[in-house]
Each structure stands twice: as C-alpha cells, then as structure tokens.
Amino acid sequence: MNNCPHLVARIMTVMDAAFDPAFGEAWNTRQVSDALTMPSTHALVIDDAGDEILGEPSSPDLRVPAGFVLTRHAADEEELLLIAVAPKFRGRGLGRTLIDRLVRSATERGTTRIFLEMRRGNPAVHLYKRVGFEPIGERLNYYRLTNGTQVDAITFGLSI
C-alpha cells in the first residue's frame with residue numbers, strides 16, 4: 001500500500017532534516033500521507049548506500065532513511081513533487097541515485113517527460129542540470145518565503 005504509515009514516517013525523517021524552514025518548502029505528515037493515498041503518487045526512500053527501504057511493517061527495516069523522492073504520474077508525464085537527501089548524507093551521489101531510479105520507474109509507467117518546479121536560488125539546480133533537466137519556464141514572485149520575501153519559480157523538464 002502506497003500510504004503505509006511506516007513509509008510516511010521514513011519520508012518525514014528525511015523531510016524534517018533536509019528542508020530549511022525559512023523557505024517553507026517542506027510538507028507536513030498529513031500532506032505526505034494524503035498525497036500517498038492517490039494511486040498516481042509514487043514514493044521511493046533509500047538508505048545511505050542508495051538501497052530502497054520498504055515501508056511495509058511486515059518487513060522491519062532498521063536502516064536509516066537517507067533520501068526520498070515523491071512523484072505524481074498522469075498520462076505520459078511525471079511531476080517530481082519533492083526530492084530530498086538528509087544533510088549528513090549529501091555529497092555521496094544519493095540525489096543522482098534517486099533521479100536515476102525515478103527515471104527508470106517513470107519509464108516503466110509509460111512516462112516520456114518529467115517536470116519539476118523549484119524556487120530560484122535552490123542549490124539543487126546543479127543536480128537537475130547535471131542529469132539533463134532543462135529550464136522551460138518561470139513564474140515571477142511565485143513563492144513566498146516565511147519572512148515574506150517573494151521568489152521566482154523555475155520549471156524544468158526532462159525528456160526520457
């Protein structure tokens with residue numbers, strides 16, 4: 001089941017560590033849980049070696065979650081909703097591992113293009129460009145940070 005509480009808890013372990021509260025980008029437990037109730041939403045959680053951690057309670061897994069990706073599939077497109085690697089595991093290629101796995105699983109679902117949107121200035125832009133995402137649009141003053149500052153959104157696309 002996609003909405004397994006163990007899966008949500010593992011995602012939230014990474015979410016809480018990875019997202020700076022000043023940007024207001026992190027989702028709360030309810031948002032993640034609600035997203036995972038939709039059959040078109042997919043999640044992958046990995047450990048520090050890049051191996052998948054399953055969310056089923058029938059297979060207790062004591063490995064520490066290091067990163068996750070959360071996506072939504074529609075027709076032949078996939079939207080990368082969230083991707084994160086906990087700070088203590090960064091610099092090991094886990095972000096690349098998550099995107100590579102996303103591309104592989106999205107292809108199996110019939111996806112031909114992956115989209116994502118991020119705030120201007122997000123350092124993840126370097127990873128996205130390295131794996132082939134290209135900027136395809138922007139929304140001026142789209143995001144509002146917790147201090148009230150407005151920041152542009154940049155949309156990226158990747159043909160697969």
# chains A, B, ... in the order shown; residues from 1 in each chain; ligands from 1
>>> residues_around(residues="region 144-146 of chain A", least_positions_apart="5", cutoff="7 Å", atoms="only C-alpha atoms", output="short mmCIF file (atom, residue, chain, number, x, y, z; two decimals) with N, CA, C and O atoms, in the first residue's frame")
data_model
loop_
_atom_site.label_atom_id
_atom_site.label_comp_id
_atom_site.auth_asym_id
_atom_site.auth_seq_id
_atom_site.Cartn_x
_atom_site.Cartn_y
_atom_site.Cartn_z
N ALA A 22 13.07 28.22 6.67
CA ALA A 22 12.98 29.59 6.15
C ALA A 22 12.34 29.64 4.77
O ALA A 22 11.76 30.66 4.39
N PHE A 23 12.42 28.54 4.02
CA PHE A 23 11.87 28.53 2.67
C PHE A 23 10.44 28.00 2.61
O PHE A 23 9.76 28.14 1.60
N GLY A 24 9.98 27.35 3.67
CA GLY A 24 8.61 26.85 3.71
C GLY A 24 8.30 25.79 2.67
O GLY A 24 7.16 25.66 2.24
N VAL A 151 9.90 34.93 -4.25
CA VAL A 151 10.96 34.33 -5.07
C VAL A 151 10.32 33.71 -6.31
O VAL A 151 9.25 33.11 -6.23
#
>>> closest_atom_pairs(of="region 34-127 of chain A", to="region 4-14 of chain A", cutoff="12 Å", atoms="only C-alpha atoms", output="CSV")
residue,atom,partner,partner_atom,distance
A:Asp34,CA,A:Val8,CA,9.9
A:Ala35,CA,A:Val8,CA,10.1
A:Leu36,CA,A:Cys4,CA,8.3
A:Thr37,CA,A:Cys4,CA,9.1
A:His42,CA,A:Leu7,CA,11.1
A:Ala43,CA,A:Leu7,CA,8.4
A:Leu44,CA,A:Ile11,CA,8.6
A:Val45,CA,A:Ile11,CA,6.8
A:Ile46,CA,A:Arg10,CA,9.4
A:Asp47,CA,A:Arg10,CA,10.1
A:Asp48,CA,A:Val14,CA,11.5
A:Glu52,CA,A:Leu7,CA,11.3
A:Ile53,CA,A:Leu7,CA,8.6
A:Leu54,CA,A:Leu7,CA,7.1
A:Gly55,CA,A:Leu7,CA,4.2
A:Glu56,CA,A:His6,CA,6.6
A:Pro57,CA,A:His6,CA,6.6
A:Ser58,CA,A:His6,CA,10.3
A:Ser59,CA,A:His6,CA,10.4
A:Pro60,CA,A:His6,CA,9.5
A:Asp61,CA,A:His6,CA,9.8
A:Leu62,CA,A:Arg10,CA,10.6
A:Arg63,CA,A:Arg10,CA,9.9
A:Val64,CA,A:Arg10,CA,8.2
A:Pro65,CA,A:Arg10,CA,6.0
A:Ala66,CA,A:Val14,CA,6.3
A:Gly67,CA,A:Val14,CA,6.0
A:Phe68,CA,A:Ile11,CA,6.3
A:Val69,CA,A:Ile11,CA,8.6
A:Leu70,CA,A:Ile11,CA,9.0
A:Leu82,CA,A:Ile11,CA,10.3
A:Ile83,CA,A:Val14,CA,9.7
A:Ala84,CA,A:Val14,CA,6.9
A:Val85,CA,A:Val14,CA,6.6
A:Ala86,CA,A:Val14,CA,5.3
A:Pro87,CA,A:Val14,CA,8.8
A:Lys88,CA,A:Val14,CA,10.3
A:Phe89,CA,A:Val14,CA,10.2
A:Arg90,CA,A:Val14,CA,11.6
>>> residues_around(residues="Ile154 (chain A)", least_positions_apart="6", cutoff="12 Å", atoms="only C-alpha atoms", output="ChimeraX atom specification")
/A:115-122,124-125,128,133-143
>>> residues_around(residues="Ser105 (chain A)", least_positions_apart="3", cutoff="12 Å", atoms="only C-alpha atoms", output="list in words")
His42, Ala43, Leu44, Val69, Leu70, Thr71, Arg72, His73, Glu78, Leu98, Ile99, Asp100, Arg101, Leu102, Glu108, Arg109, Gly110, Thr111, Thr112, Ile114 and Ile160 of chain A
>>> atom_distance(atom1="CA of Val103 (chain A)", atom2="CA of Ala49 (chain A)")
18.7 Å
>>> select_by_dssp(residues="region 5-145 of chain A", states="alpha helix (DSSP H)", output="ChimeraX atom specification")
/A:5-18,29-36,94-108,125-130
>>> select_by_dssp(residues="region 8-64 of chain A", states="strand (DSSP E)", output="list of chain:residue names")
A:Thr41, A:His42, A:Ala43, A:Leu44, A:Val45, A:Ile46
>>> closest_residue(among="A:Pro123, A:Ser159, A:Gly91, A:Thr149", to="Thr107 (chain A)", atoms="only C-alpha atoms")
A:Ser159
>>> atom_distance(atom1="CA of Gln31 (chain A)", atom2="CA of Leu81 (chain A)")
11.6 Å
>>> atom_distance(atom1="CA of Phe156 (chain A)", atom2="CA of Val131 (chain A)")
11.5 Å
>>> closest_residue(among="A:Arg130, A:Asp16, A:Thr155, A:Thr41", to="Thr29 (chain A)", atoms="only C-alpha atoms")
A:Asp16
